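One structure below.
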2 protein chains.
Amino acid sequence: MDKIRSDCPISCTLDVIGDKWSLLIIRDVMLRGKMSYSEFLNSEEKIATNILVARLAMLEEEGILAREVSPGNKSKYIYRLTQKGADLMPVIIELMDWGAKYNRNCPRKELGQKIKKDKAAVVRELAAVLREKVKGVS
Amino acid sequence: MDKIRSDCPISCTLDVIGDKWSLLIIRDVMLRGKMSYSEFLNSEEKIATNILVARLAMLEEEGILAREVSPGNKSKYIYRLTQKGADLMPVIIELMDWGAKYNRNCPRKELGQKIKKDKAAVVRELAAVLREKVKGVS
DNA sequence: GATAAGTTGTTGCAAAATGCAAGTGCAATA
DNA sequence: TATTGCACTTGCATTTTGCAACAACTTATC
């Protein structure tokens with residue numbers, strides 16, 4: 001996960017998050033309010049513990065997630081999006097829209113419907129929400 | 001590449017194109033006018049032949065690419081985007097924008113600059129271009 | 001019509017990533 | 001002090017990827 005294949009920006013992005021799990025972790029923290037190892041572990045897709053650890057370390061290393069000790073529980077870590085991580089939001093939205101459009105077993109829920117109706121508005125509003133969340137990290 | 005992990009649209013999309021190579025092939029045909037096995041093989045990222053064959057078969061199976069015999073050369077195949085494949089364009093654009101923003105070794109070229117200036121316009125214009133290309137397949 | 005060159009693969013094997021199950025260390029809680 | 005919750009680690013089997021060589025089939029060239 002550390003050697004680059006070319007200087008194409010698409011290729012460079014895939015070098016970092018082009019696997020089956022990274023973007024699901026980012027989805028969890030971006031859209032579902034999840035913040036901890038155990039919450040990610042309990043997601044419906046059932047990521048293995050060693051993969052989760054490796055991905056969290058990589059995402060932190062890449063500056064996409066920021067790790068800090070949980071305020072309420074000192075033996076617990078919480079993960080937040082950095083601005084770099086938050087900027088992946090449009091990618092997530094587009095993946096979601098395409099997936100919902102071409103998979104009948106992926107029903108559009110609230111957010112999916114809203115994206116179908118006015119994608120640009122969703123992106124704008126979510127960017128504002130994330131900006132607030134990210135600000136607290138600094 | 002055939003079992004789904006959940007009914008989340010993001011997860012479903014990653015089940016199909018969530019690897020390091022599929023989207024690069026789609027980039028080649030979508031943005032670089034490449035259409036054949038040998039052209040994909042010659043891309044700067046140097047995909048292995050067995051991986052390329054497997055991905056082309058998968059993308060055709062998934063209805064993202066359509067294969068046909070080359071008009072000029074009967075021993076040659078060409079691959080075109082279906083509408084389903086063309087609809088991945090916004091994903092490609094967002095990956096490109098993020099990659100260019102956060103990698104100093106990924107200089108923005110013409111398209112990259114245009115995306116930075118007016119992403120929505122690029123998406124709109126490219127959609128029109130692709131609509132024409134896809135139409136010929138029907 | 002034999003030879004070469006182009007195009008799309010296949011095959012075998014090594015290396016890396018993933019998946020699974022069990023175990024570990026440590027702080028908070030009872 | 002015992003127990004529980006949380007964040008990992010480890011070992012091993014399976015799957016995917018990467019690499020290099022080879023193969024079939026078509027078209028161009030001599």
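Residue numbering restarts at 1 in every chain; chains get A, B, ... in the order shown in the structure tokens, and ligands count up from 1 in that same order.
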
Which chain B residues have any atom within 9 Å of an atom of chain C, and for each, what is the nearest pair of atoms with distance in Å to one decimal, counting only C-alpha atoms (C1' of nucleotides), rows sorted by chain and number, as JSON lines?
{"residue": "B:Tyr37", "atom": "CA", "partner": "C:DT8", "partner_atom": "C1'", "distance": 7.1}
{"residue": "B:Ser38", "atom": "CA", "partner": "C:DT7", "partner_atom": "C1'", "distance": 7.1}
{"residue": "B:Thr49", "atom": "CA", "partner": "C:DG9", "partner_atom": "C1'", "distance": 8.2}
{"residue": "B:Asn50", "atom": "CA", "partner": "C:DT10", "partner_atom": "C1'", "distance": 8.3}
{"residue": "B:Val53", "atom": "CA", "partner": "C:DG9", "partner_atom": "C1'", "distance": 7.5}
{"residue": "B:Ser75", "atom": "CA", "partner": "C:DT7", "partner_atom": "C1'", "distance": 6.9}
{"residue": "B:Lys76", "atom": "CA", "partner": "C:DT7", "partner_atom": "C1'", "distance": 6.3}
{"residue": "B:Tyr77", "atom": "CA", "partner": "C:DT8", "partner_atom": "C1'", "distance": 8.4}

Which residues of chain B sit at most 8 Å from chain D, using only C-alpha atoms (C1' of nucleotides)? Give each one's shortest atom pair and distance in Å (one decimal place), in chain and ascending residue order, as a Markdown table.
| residue | atom | partner | partner_atom | distance |
| --- | --- | --- | --- | --- |
| B:Ala48 | CA | D:DG18 | C1' | 6.9 |
| B:Ile51 | CA | D:DT17 | C1' | 7.8 |
| B:Lys74 | CA | D:DT26 | C1' | 7.7 |
| B:Ser75 | CA | D:DT26 | C1' | 5.4 |

| message | Based on only C-alpha atoms, which of the residues in chain B come within 8 Å of chain A? I want them as a PyMOL selection string. | response | chain B and resi 5-15+18-20+24+44-45+84+87-88+90-92+94-100+102-103+105-107

| request: Record the distance separating atom CA of Leu31 of chain A and atom CA of Ile115 of chain B, expressed in Å with one decimal. | output: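 Going from atom CA of Leu31 of chain A over to atom CA of Ile115 of chain B covers 25.1 Å.
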
| request: Could you please write out, as a list of chain:residue names, every residue of chain B that DSSP assigns to strand (DSSP E)? | output: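 DSSP on the backbone gives strand (DSSP E) at B:Leu65, B:Ala66, B:Arg67, B:Glu68, B:Val69, B:Tyr77, B:Ile78, B:Tyr79, B:Arg80, B:Leu81.
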
Could you write out the selected residues, including C-alpha atoms, as a CSV table (one decimal), in the first residue's frame?
chain,number,residue,atom,x,y,z
B,65,LEU,CA,-17.9,-2.7,-20.8
B,66,ALA,CA,-19.2,-4.1,-24.1
B,67,ARG,CA,-16.9,-6.1,-26.3
B,68,GLU,CA,-17.1,-6.3,-30.0
B,69,VAL,CA,-14.8,-7.3,-32.9
B,77,TYR,CA,-11.5,-6.7,-30.0
B,78,ILE,CA,-12.6,-3.3,-28.9
B,79,TYR,CA,-14.2,-2.4,-25.7
B,80,ARG,CA,-16.7,0.4,-25.2
B,81,LEU,CA,-18.5,1.8,-22.2
